[in-house]
$ cat query35.cif   # mmCIF, N, CA and C atoms
data_final
#
loop_
_atom_site.label_atom_id
_atom_site.label_comp_id
_atom_site.auth_asym_id
_atom_site.auth_seq_id
_atom_site.Cartn_x
_atom_site.Cartn_y
_atom_site.Cartn_z
N MET A 1 0.85 -1.17 0.00
CA MET A 1 0.00 0.00 0.00
C MET A 1 0.89 1.24 0.00
N PRO A 2 0.66 2.20 -0.91
CA PRO A 2 1.49 3.40 -0.94
C PRO A 2 1.29 4.23 0.31
N GLU A 3 2.37 4.91 0.73
CA GLU A 3 2.26 5.73 1.93
C GLU A 3 1.50 7.01 1.60
N SER A 4 0.80 7.51 2.59
CA SER A 4 0.03 8.74 2.39
C SER A 4 0.95 9.94 2.51
N ARG A 5 0.48 11.07 2.01
CA ARG A 5 1.24 12.31 2.11
C ARG A 5 1.53 12.64 3.58
N GLY A 6 0.58 12.40 4.45
CA GLY A 6 0.77 12.66 5.88
C GLY A 6 1.84 11.79 6.49
N GLU A 7 1.88 10.51 6.09
CA GLU A 7 2.92 9.63 6.61
C GLU A 7 4.29 10.08 6.13
N ARG A 8 4.39 10.46 4.88
CA ARG A 8 5.66 10.93 4.32
C ARG A 8 6.09 12.19 5.06
N ALA A 9 5.18 13.13 5.25
CA ALA A 9 5.50 14.38 5.92
C ALA A 9 5.91 14.16 7.37
N SER A 10 5.34 13.15 8.03
CA SER A 10 5.65 12.93 9.44
C SER A 10 7.11 12.51 9.65
N ARG A 11 7.77 12.04 8.61
CA ARG A 11 9.18 11.66 8.72
C ARG A 11 10.11 12.72 8.15
N CYS A 12 9.58 13.84 7.73
CA CYS A 12 10.35 14.92 7.12
C CYS A 12 10.99 15.78 8.20
N VAL A 13 12.30 15.98 8.12
CA VAL A 13 13.00 16.76 9.13
C VAL A 13 12.47 18.19 9.19
N PHE A 14 12.11 18.79 8.05
CA PHE A 14 11.59 20.15 8.08
C PHE A 14 10.19 20.19 8.68
N CYS A 15 9.39 19.18 8.42
CA CYS A 15 8.07 19.11 9.07
C CYS A 15 8.22 18.99 10.58
N GLU A 16 9.23 18.28 11.03
CA GLU A 16 9.50 18.16 12.46
C GLU A 16 9.91 19.50 13.06
N ILE A 17 10.71 20.27 12.32
CA ILE A 17 11.10 21.60 12.78
C ILE A 17 9.88 22.51 12.82
N VAL A 18 9.08 22.50 11.75
CA VAL A 18 7.87 23.33 11.69
C VAL A 18 6.95 23.01 12.87
N ALA A 19 6.87 21.74 13.25
CA ALA A 19 6.02 21.32 14.38
C ALA A 19 6.69 21.56 15.73
N HIS A 20 7.90 22.11 15.72
CA HIS A 20 8.67 22.39 16.94
C HIS A 20 9.02 21.11 17.70
N ARG A 21 9.15 20.01 16.98
CA ARG A 21 9.57 18.76 17.61
C ARG A 21 11.08 18.55 17.48
N LEU A 22 11.72 19.28 16.58
CA LEU A 22 13.18 19.27 16.45
C LEU A 22 13.68 20.69 16.66
N LYS A 23 14.83 20.81 17.29
CA LYS A 23 15.42 22.12 17.58
C LYS A 23 15.92 22.76 16.30
N ALA A 24 15.68 24.05 16.19
CA ALA A 24 16.23 24.86 15.11
C ALA A 24 16.35 26.28 15.62
N TYR A 25 17.24 27.03 15.00
CA TYR A 25 17.40 28.44 15.33
C TYR A 25 16.49 29.23 14.40
N ILE A 26 15.26 29.46 14.89
CA ILE A 26 14.21 30.08 14.09
C ILE A 26 14.36 31.60 14.16
N VAL A 27 14.32 32.23 12.98
CA VAL A 27 14.41 33.69 12.93
C VAL A 27 13.10 34.33 12.47
N PHE A 28 12.19 33.52 11.93
CA PHE A 28 10.91 34.05 11.46
C PHE A 28 9.89 32.92 11.41
N GLU A 29 8.65 33.28 11.78
CA GLU A 29 7.57 32.30 11.66
C GLU A 29 6.25 33.05 11.53
N ASP A 30 5.44 32.62 10.59
CA ASP A 30 4.06 33.10 10.49
C ASP A 30 3.17 31.89 10.27
N ASP A 31 1.92 32.10 9.90
CA ASP A 31 0.99 30.99 9.76
C ASP A 31 1.37 30.01 8.66
N ALA A 32 2.07 30.48 7.62
CA ALA A 32 2.32 29.64 6.45
C ALA A 32 3.78 29.28 6.22
N THR A 33 4.70 30.02 6.86
CA THR A 33 6.12 29.83 6.56
C THR A 33 6.97 29.89 7.81
N MET A 34 8.23 29.49 7.64
CA MET A 34 9.20 29.56 8.73
C MET A 34 10.58 29.75 8.10
N ALA A 35 11.45 30.47 8.82
CA ALA A 35 12.83 30.62 8.39
C ALA A 35 13.73 30.30 9.57
N PHE A 36 14.79 29.54 9.30
CA PHE A 36 15.72 29.16 10.35
C PHE A 36 17.11 29.03 9.78
N LEU A 37 18.09 29.04 10.67
CA LEU A 37 19.48 28.92 10.25
C LEU A 37 19.78 27.50 9.79
N ASP A 38 20.55 27.40 8.72
CA ASP A 38 21.00 26.09 8.23
C ASP A 38 21.95 25.49 9.26
N SER A 39 21.80 24.22 9.55
CA SER A 39 22.66 23.54 10.54
C SER A 39 24.09 23.37 10.07
N TYR A 40 24.31 23.36 8.77
CA TYR A 40 25.64 23.23 8.18
C TYR A 40 25.78 24.33 7.12
N PRO A 41 25.94 25.58 7.60
CA PRO A 41 25.87 26.72 6.69
C PRO A 41 27.06 26.82 5.73
N PHE A 42 26.76 27.30 4.53
CA PHE A 42 27.82 27.63 3.58
C PHE A 42 28.55 28.88 4.06
N THR A 43 27.80 29.85 4.60
CA THR A 43 28.38 31.09 5.12
C THR A 43 27.61 31.48 6.39
N ARG A 44 28.16 32.46 7.09
CA ARG A 44 27.50 32.96 8.30
C ARG A 44 26.15 33.57 7.92
N GLY A 45 25.09 33.12 8.59
CA GLY A 45 23.76 33.64 8.35
C GLY A 45 22.98 32.91 7.27
N HIS A 46 23.47 31.76 6.82
CA HIS A 46 22.78 30.95 5.80
C HIS A 46 21.43 30.53 6.36
N LEU A 47 20.37 30.98 5.68
CA LEU A 47 19.00 30.73 6.13
C LEU A 47 18.27 29.75 5.22
N LEU A 48 17.34 29.03 5.79
CA LEU A 48 16.41 28.20 5.04
C LEU A 48 15.01 28.77 5.26
N VAL A 49 14.29 28.98 4.17
CA VAL A 49 12.92 29.48 4.23
C VAL A 49 12.02 28.36 3.72
N VAL A 50 11.10 27.90 4.56
CA VAL A 50 10.27 26.73 4.22
C VAL A 50 8.80 27.06 4.31
N SER A 51 8.03 26.33 3.54
CA SER A 51 6.58 26.34 3.67
C SER A 51 6.22 25.44 4.85
N LYS A 52 5.20 25.81 5.58
CA LYS A 52 4.75 24.93 6.65
C LYS A 52 3.99 23.73 6.09
N ARG A 53 3.51 23.84 4.88
CA ARG A 53 2.85 22.70 4.23
C ARG A 53 3.92 21.86 3.57
N HIS A 54 3.80 20.57 3.74
CA HIS A 54 4.77 19.67 3.13
C HIS A 54 4.50 19.54 1.63
N GLY A 55 5.55 19.67 0.88
CA GLY A 55 5.55 19.44 -0.55
C GLY A 55 7.01 19.37 -0.95
N ALA A 56 7.38 18.43 -1.78
CA ALA A 56 8.78 18.28 -2.16
C ALA A 56 9.24 19.43 -3.05
N ARG A 57 8.35 19.92 -3.89
CA ARG A 57 8.70 20.95 -4.86
C ARG A 57 7.77 22.15 -4.71
N LEU A 58 8.22 23.28 -5.19
CA LEU A 58 7.39 24.47 -5.18
C LEU A 58 6.06 24.21 -5.88
N THR A 59 6.10 23.47 -6.97
CA THR A 59 4.89 23.19 -7.75
C THR A 59 3.95 22.21 -7.06
N ASP A 60 4.39 21.61 -5.95
CA ASP A 60 3.50 20.75 -5.16
C ASP A 60 2.58 21.56 -4.26
N LEU A 61 2.91 22.83 -4.07
CA LEU A 61 2.15 23.69 -3.16
C LEU A 61 1.03 24.41 -3.90
N GLU A 62 -0.01 24.73 -3.15
CA GLU A 62 -1.08 25.58 -3.67
C GLU A 62 -0.52 26.98 -3.90
N TRP A 63 -1.17 27.70 -4.79
CA TRP A 63 -0.74 29.05 -5.15
C TRP A 63 -0.57 29.94 -3.92
N GLU A 64 -1.49 29.88 -2.98
CA GLU A 64 -1.43 30.72 -1.78
C GLU A 64 -0.18 30.43 -0.96
N ASP A 65 0.19 29.16 -0.88
CA ASP A 65 1.40 28.80 -0.13
C ASP A 65 2.66 29.25 -0.87
N GLN A 66 2.62 29.20 -2.20
CA GLN A 66 3.75 29.71 -2.97
C GLN A 66 3.93 31.21 -2.73
N MET A 67 2.83 31.94 -2.74
CA MET A 67 2.89 33.39 -2.53
C MET A 67 3.35 33.73 -1.12
N ALA A 68 2.94 32.92 -0.15
CA ALA A 68 3.41 33.13 1.22
C ALA A 68 4.92 32.97 1.30
N LEU A 69 5.44 31.98 0.59
CA LEU A 69 6.90 31.80 0.56
C LEU A 69 7.59 33.01 -0.05
N ILE A 70 7.04 33.55 -1.12
CA ILE A 70 7.64 34.72 -1.78
C ILE A 70 7.63 35.92 -0.83
N ARG A 71 6.53 36.13 -0.13
CA ARG A 71 6.47 37.24 0.84
C ARG A 71 7.54 37.06 1.92
N THR A 72 7.67 35.86 2.42
CA THR A 72 8.67 35.61 3.46
C THR A 72 10.08 35.75 2.91
N LEU A 73 10.30 35.28 1.69
CA LEU A 73 11.62 35.45 1.07
C LEU A 73 11.99 36.92 0.97
N ASP A 74 11.04 37.75 0.56
CA ASP A 74 11.30 39.18 0.46
C ASP A 74 11.75 39.73 1.82
N GLU A 75 11.01 39.39 2.85
CA GLU A 75 11.35 39.88 4.20
C GLU A 75 12.72 39.37 4.65
N LEU A 76 12.98 38.09 4.45
CA LEU A 76 14.23 37.51 4.94
C LEU A 76 15.44 37.93 4.11
N CYS A 77 15.26 38.19 2.83
CA CYS A 77 16.37 38.73 2.02
C CYS A 77 16.74 40.12 2.55
N ARG A 78 15.75 40.91 2.89
CA ARG A 78 16.02 42.24 3.46
C ARG A 78 16.79 42.12 4.79
N ARG A 79 16.41 41.16 5.59
CA ARG A 79 17.11 40.95 6.86
C ARG A 79 18.52 40.43 6.62
N ALA A 80 18.70 39.55 5.64
CA ALA A 80 20.03 39.03 5.33
C ALA A 80 20.96 40.15 4.87
N GLU A 81 20.40 41.19 4.26
CA GLU A 81 21.22 42.32 3.81
C GLU A 81 21.84 43.07 4.98
N ARG A 82 21.36 42.83 6.21
CA ARG A 82 22.01 43.40 7.40
C ARG A 82 23.39 42.78 7.58
N LEU A 83 23.52 41.54 7.14
CA LEU A 83 24.80 40.83 7.28
C LEU A 83 25.73 41.15 6.12
N SER A 84 25.17 41.21 4.92
CA SER A 84 25.94 41.50 3.70
C SER A 84 24.97 41.96 2.63
N PRO A 85 25.36 42.95 1.81
CA PRO A 85 24.47 43.37 0.73
C PRO A 85 24.37 42.32 -0.38
N ASP A 86 25.27 41.37 -0.38
CA ASP A 86 25.31 40.35 -1.43
C ASP A 86 24.88 39.00 -0.86
N TYR A 87 24.10 38.27 -1.63
CA TYR A 87 23.68 36.94 -1.20
C TYR A 87 23.25 36.13 -2.41
N ASN A 88 23.24 34.82 -2.23
CA ASN A 88 22.66 33.91 -3.21
C ASN A 88 21.30 33.49 -2.69
N LEU A 89 20.36 33.36 -3.62
CA LEU A 89 19.04 32.83 -3.33
C LEU A 89 18.90 31.58 -4.18
N ALA A 90 18.64 30.43 -3.54
CA ALA A 90 18.64 29.18 -4.29
C ALA A 90 17.47 28.30 -3.91
N LEU A 91 16.98 27.59 -4.92
CA LEU A 91 15.96 26.56 -4.74
C LEU A 91 16.45 25.34 -5.52
N ASN A 92 16.66 24.25 -4.81
CA ASN A 92 17.05 22.99 -5.46
C ASN A 92 15.80 22.13 -5.55
N ALA A 93 15.41 21.78 -6.77
CA ALA A 93 14.19 20.98 -6.97
C ALA A 93 14.57 19.64 -7.58
N GLY A 94 14.60 18.61 -6.74
CA GLY A 94 14.92 17.26 -7.20
C GLY A 94 16.36 16.87 -6.89
N ALA A 95 16.58 15.58 -6.77
CA ALA A 95 17.89 15.05 -6.41
C ALA A 95 18.97 15.48 -7.39
N ASN A 96 18.68 15.47 -8.68
CA ASN A 96 19.67 15.86 -9.67
C ASN A 96 20.04 17.33 -9.59
N ALA A 97 19.19 18.12 -8.95
CA ALA A 97 19.46 19.54 -8.76
C ALA A 97 20.12 19.82 -7.41
N GLY A 98 20.39 18.76 -6.64
CA GLY A 98 21.05 18.92 -5.36
C GLY A 98 20.14 18.97 -4.16
N GLN A 99 18.83 18.72 -4.34
CA GLN A 99 17.92 18.74 -3.20
C GLN A 99 18.21 17.53 -2.32
N VAL A 100 18.38 17.78 -1.03
CA VAL A 100 18.69 16.72 -0.07
C VAL A 100 17.48 16.45 0.83
N VAL A 101 16.82 17.51 1.29
CA VAL A 101 15.61 17.38 2.09
C VAL A 101 14.44 17.65 1.15
N PHE A 102 13.57 16.68 0.99
CA PHE A 102 12.50 16.77 0.01
C PHE A 102 11.24 17.41 0.59
N HIS A 103 11.45 18.64 1.02
CA HIS A 103 10.41 19.56 1.51
C HIS A 103 10.84 20.89 0.91
N VAL A 104 9.96 21.52 0.16
CA VAL A 104 10.36 22.73 -0.55
C VAL A 104 10.98 23.75 0.40
N HIS A 105 12.15 24.27 0.00
CA HIS A 105 12.84 25.28 0.80
C HIS A 105 13.78 26.09 -0.07
N PHE A 106 13.90 27.34 0.30
CA PHE A 106 14.84 28.24 -0.35
C PHE A 106 16.01 28.46 0.58
N HIS A 107 17.18 28.64 -0.02
CA HIS A 107 18.38 29.02 0.72
C HIS A 107 18.64 30.50 0.48
N ILE A 108 18.93 31.23 1.54
CA ILE A 108 19.46 32.59 1.43
C ILE A 108 20.86 32.50 2.01
N ILE A 109 21.86 32.74 1.16
CA ILE A 109 23.25 32.53 1.55
C ILE A 109 24.01 33.85 1.42
N PRO A 110 24.22 34.55 2.55
CA PRO A 110 24.98 35.80 2.48
C PRO A 110 26.39 35.54 1.93
N ARG A 111 26.88 36.50 1.16
CA ARG A 111 28.22 36.38 0.57
C ARG A 111 29.11 37.47 1.13
N TYR A 112 30.31 37.09 1.52
CA TYR A 112 31.25 38.01 2.16
C TYR A 112 32.55 38.14 1.37
N GLY A 113 32.54 37.76 0.13
CA GLY A 113 33.74 37.85 -0.68
C GLY A 113 34.55 36.56 -0.72
N GLU A 114 34.01 35.47 -0.14
CA GLU A 114 34.70 34.19 -0.22
C GLU A 114 34.87 33.80 -1.69
N GLU A 115 35.93 33.11 -1.97
CA GLU A 115 36.16 32.68 -3.35
C GLU A 115 35.00 31.83 -3.84
N ASN A 116 34.70 30.74 -3.11
CA ASN A 116 33.53 29.93 -3.44
C ASN A 116 33.18 29.04 -2.26
N PRO A 117 32.25 29.50 -1.39
CA PRO A 117 31.89 28.70 -0.22
C PRO A 117 31.22 27.38 -0.58
N PHE A 118 30.74 27.25 -1.81
CA PHE A 118 30.04 26.03 -2.21
C PHE A 118 30.99 24.86 -2.42
N LEU A 119 32.29 25.15 -2.46
CA LEU A 119 33.26 24.07 -2.64
C LEU A 119 33.80 23.54 -1.32
N VAL A 120 33.39 24.13 -0.21
CA VAL A 120 33.85 23.68 1.11
C VAL A 120 33.13 22.39 1.47
N SER A 121 33.91 21.35 1.70
CA SER A 121 33.32 20.07 2.06
C SER A 121 34.28 19.32 2.97
N PRO A 122 33.84 18.81 4.08
CA PRO A 122 32.50 18.97 4.64
C PRO A 122 32.34 20.36 5.22
N ARG A 123 31.09 20.80 5.30
CA ARG A 123 30.81 22.11 5.88
C ARG A 123 30.76 21.96 7.40
N PRO A 124 31.30 22.95 8.11
CA PRO A 124 31.27 22.87 9.57
C PRO A 124 29.86 23.07 10.10
N ALA A 125 29.60 22.47 11.25
CA ALA A 125 28.29 22.62 11.91
C ALA A 125 28.14 24.06 12.41
N LEU A 126 26.91 24.50 12.48
CA LEU A 126 26.57 25.82 12.98
C LEU A 126 27.05 25.95 14.43
N ASP A 127 27.75 27.04 14.73
CA ASP A 127 28.21 27.32 16.08
C ASP A 127 27.04 27.86 16.91
N ALA A 128 26.77 27.25 18.04
CA ALA A 128 25.60 27.62 18.85
C ALA A 128 25.65 29.06 19.34
N ASN A 129 26.81 29.54 19.76
CA ASN A 129 26.92 30.92 20.23
C ASN A 129 26.64 31.90 19.10
N ASP A 130 27.23 31.65 17.94
CA ASP A 130 26.99 32.51 16.79
C ASP A 130 25.53 32.42 16.36
N ALA A 131 24.95 31.22 16.43
CA ALA A 131 23.55 31.04 16.04
C ALA A 131 22.64 31.90 16.92
N ARG A 132 22.89 31.92 18.21
CA ARG A 132 22.07 32.74 19.11
C ARG A 132 22.20 34.23 18.77
N ALA A 133 23.40 34.66 18.44
CA ALA A 133 23.61 36.07 18.06
C ALA A 133 22.90 36.38 16.75
N LEU A 134 22.95 35.45 15.80
CA LEU A 134 22.28 35.66 14.52
C LEU A 134 20.76 35.69 14.68
N VAL A 135 20.22 34.85 15.54
CA VAL A 135 18.78 34.85 15.79
C VAL A 135 18.34 36.24 16.27
N VAL A 136 19.09 36.82 17.19
CA VAL A 136 18.75 38.15 17.69
C VAL A 136 18.83 39.16 16.55
N GLU A 137 19.90 39.10 15.78
CA GLU A 137 20.10 40.07 14.68
C GLU A 137 19.06 39.93 13.57
N LEU A 138 18.69 38.70 13.23
CA LEU A 138 17.82 38.48 12.09
C LEU A 138 16.34 38.38 12.46
N SER A 139 16.01 38.25 13.73
CA SER A 139 14.61 38.13 14.13
C SER A 139 13.89 39.47 14.14
N ALA A 140 14.64 40.53 14.35
CA ALA A 140 14.00 41.86 14.40
C ALA A 140 13.52 42.25 13.01
N PRO A 141 12.29 42.75 12.93
CA PRO A 141 11.76 43.17 11.62
C PRO A 141 12.53 44.35 11.04
#

$ encode --input "query35.cif" --output "structure tokens"
Amino acid sequence: MPESRGERASRCVFCEIVAHRLKAYIVFEDDATMAFLDSYPFTRGHLLVVSKRHGARLTDLEWEDQMALIRTLDELCRRAERLSPDYNLALNAGANAGQVVFHVHFHIIPRYGEENPFLVSPRPALDANDARALVVELSAP
């Protein structure tokens, strides 16, 4: 018997974060979206912006949920500019595109002049002290 969408979502790490069952450094939350620090950031302040509704791809979401993500992206890009005026905005859709967690999410990756942070492997884990400081800095509207 195929698994239901609810069963699939219940094992999704981002769904667990959205439900506050897994710890994350959350910088924004509204009824439809959430933004939190990446646990293995490419750069300082690397954010993930997720829909609270489970869907592997942007096109899996209803139009209203897509628009909620865009509104939140706008707000969080503006907040990321407090860290650096330059950033990458990325959406990986599908395994061949580099998607690892199959719950739609955007990356906001501040850039500080590094040659290429995307070539760093393995990426270091998020520092808890820095994460707490970033939450304070990025949570303010």

$ atom_distance --input "query35.cif" --atom1 "CA of Ala56 (chain A)" --atom2 "CA of Cys15 (chain A)"
11.3 Å

$ closest_atom_pairs --input "query35.cif" --of "region 7-88 of chain A" --to "region 115-133 of chain A" --cutoff "6 Å" --atoms "only C-alpha atoms" --output "JSON lines"
{"residue": "A:Ser39", "atom": "CA", "partner": "A:Leu126", "partner_atom": "CA", "distance": 5.1}
{"residue": "A:Tyr40", "atom": "CA", "partner": "A:Ala125", "partner_atom": "CA", "distance": 4.6}
{"residue": "A:Phe42", "atom": "CA", "partner": "A:Pro117", "partner_atom": "CA", "distance": 5.7}

$ write_last_selection --input "query35.cif" --atoms "N, CA and C atoms" --output "tab-separated table (two decimals), keeping the file's coordinate frame"
chain	number	residue	atom	x	y	z
A	39	SER	N	21.80	24.22	9.55
A	39	SER	CA	22.66	23.54	10.54
A	39	SER	C	24.09	23.37	10.07
A	40	TYR	N	24.31	23.36	8.77
A	40	TYR	CA	25.64	23.23	8.18
A	40	TYR	C	25.78	24.33	7.12
A	42	PHE	N	26.76	27.30	4.53
A	42	PHE	CA	27.82	27.63	3.58
A	42	PHE	C	28.55	28.88	4.06

$ select_by_dssp --input "query35.cif" --residues "chain A" --states "helix (DSSP H, G or I)" --output "ChimeraX atom specification"
/A:5-10,13-18,58-60,63-80,95-97,117-119,128-139

$ resolve_selection --input "query35.cif" --expression "the PyMOL selection byres ((chain A and resi 62-65) around 8)" --output "short mmCIF file (atom, residue, chain, number, x, y, z; two decimals) with N, CA and C atoms, in the coordinates of the input"
data_model
loop_
_atom_site.label_atom_id
_atom_site.label_comp_id
_atom_site.auth_asym_id
_atom_site.auth_seq_id
_atom_site.Cartn_x
_atom_site.Cartn_y
_atom_site.Cartn_z
N ALA A 32 2.07 30.48 7.62
CA ALA A 32 2.32 29.64 6.45
C ALA A 32 3.78 29.28 6.22
N THR A 33 4.70 30.02 6.86
CA THR A 33 6.12 29.83 6.56
C THR A 33 6.97 29.89 7.81
N SER A 51 8.03 26.33 3.54
CA SER A 51 6.58 26.34 3.67
C SER A 51 6.22 25.44 4.85
N LYS A 52 5.20 25.81 5.58
CA LYS A 52 4.75 24.93 6.65
C LYS A 52 3.99 23.73 6.09
N ARG A 53 3.51 23.84 4.88
CA ARG A 53 2.85 22.70 4.23
C ARG A 53 3.92 21.86 3.57
N LEU A 58 8.22 23.28 -5.19
CA LEU A 58 7.39 24.47 -5.18
C LEU A 58 6.06 24.21 -5.88
N THR A 59 6.10 23.47 -6.97
CA THR A 59 4.89 23.19 -7.75
C THR A 59 3.95 22.21 -7.06
N ASP A 60 4.39 21.61 -5.95
CA ASP A 60 3.50 20.75 -5.16
C ASP A 60 2.58 21.56 -4.26
N LEU A 61 2.91 22.83 -4.07
CA LEU A 61 2.15 23.69 -3.16
C LEU A 61 1.03 24.41 -3.90
N GLN A 66 2.62 29.20 -2.20
CA GLN A 66 3.75 29.71 -2.97
C GLN A 66 3.93 31.21 -2.73
N MET A 67 2.83 31.94 -2.74
CA MET A 67 2.89 33.39 -2.53
C MET A 67 3.35 33.73 -1.12
N ALA A 68 2.94 32.92 -0.15
CA ALA A 68 3.41 33.13 1.22
C ALA A 68 4.92 32.97 1.30
N LEU A 69 5.44 31.98 0.59
CA LEU A 69 6.90 31.80 0.56
C LEU A 69 7.59 33.01 -0.05
N ILE A 70 7.04 33.55 -1.12
CA ILE A 70 7.64 34.72 -1.78
C ILE A 70 7.63 35.92 -0.83
N ARG A 71 6.53 36.13 -0.13
CA ARG A 71 6.47 37.24 0.84
C ARG A 71 7.54 37.06 1.92
#

$ resolve_selection --input "query35.cif" --expression "the PyMOL selection byres (((chain A and resi 94-107 and name CA) around 12) and name CA)" --output "number ranges by chain"
A: 5, 8-18, 33-38, 40-43, 45-61, 65-66, 69-70, 72-74, 76-77, 80, 87-93, 108-110, 118

$ atom_distance --input "query35.cif" --atom1 "CA of Arg82 (chain A)" --atom2 "CA of Gly113 (chain A)"
15.3 Å

$ atom_distance --input "query35.cif" --atom1 "CA of Arg79 (chain A)" --atom2 "CA of Phe28 (chain A)"
10.4 Å
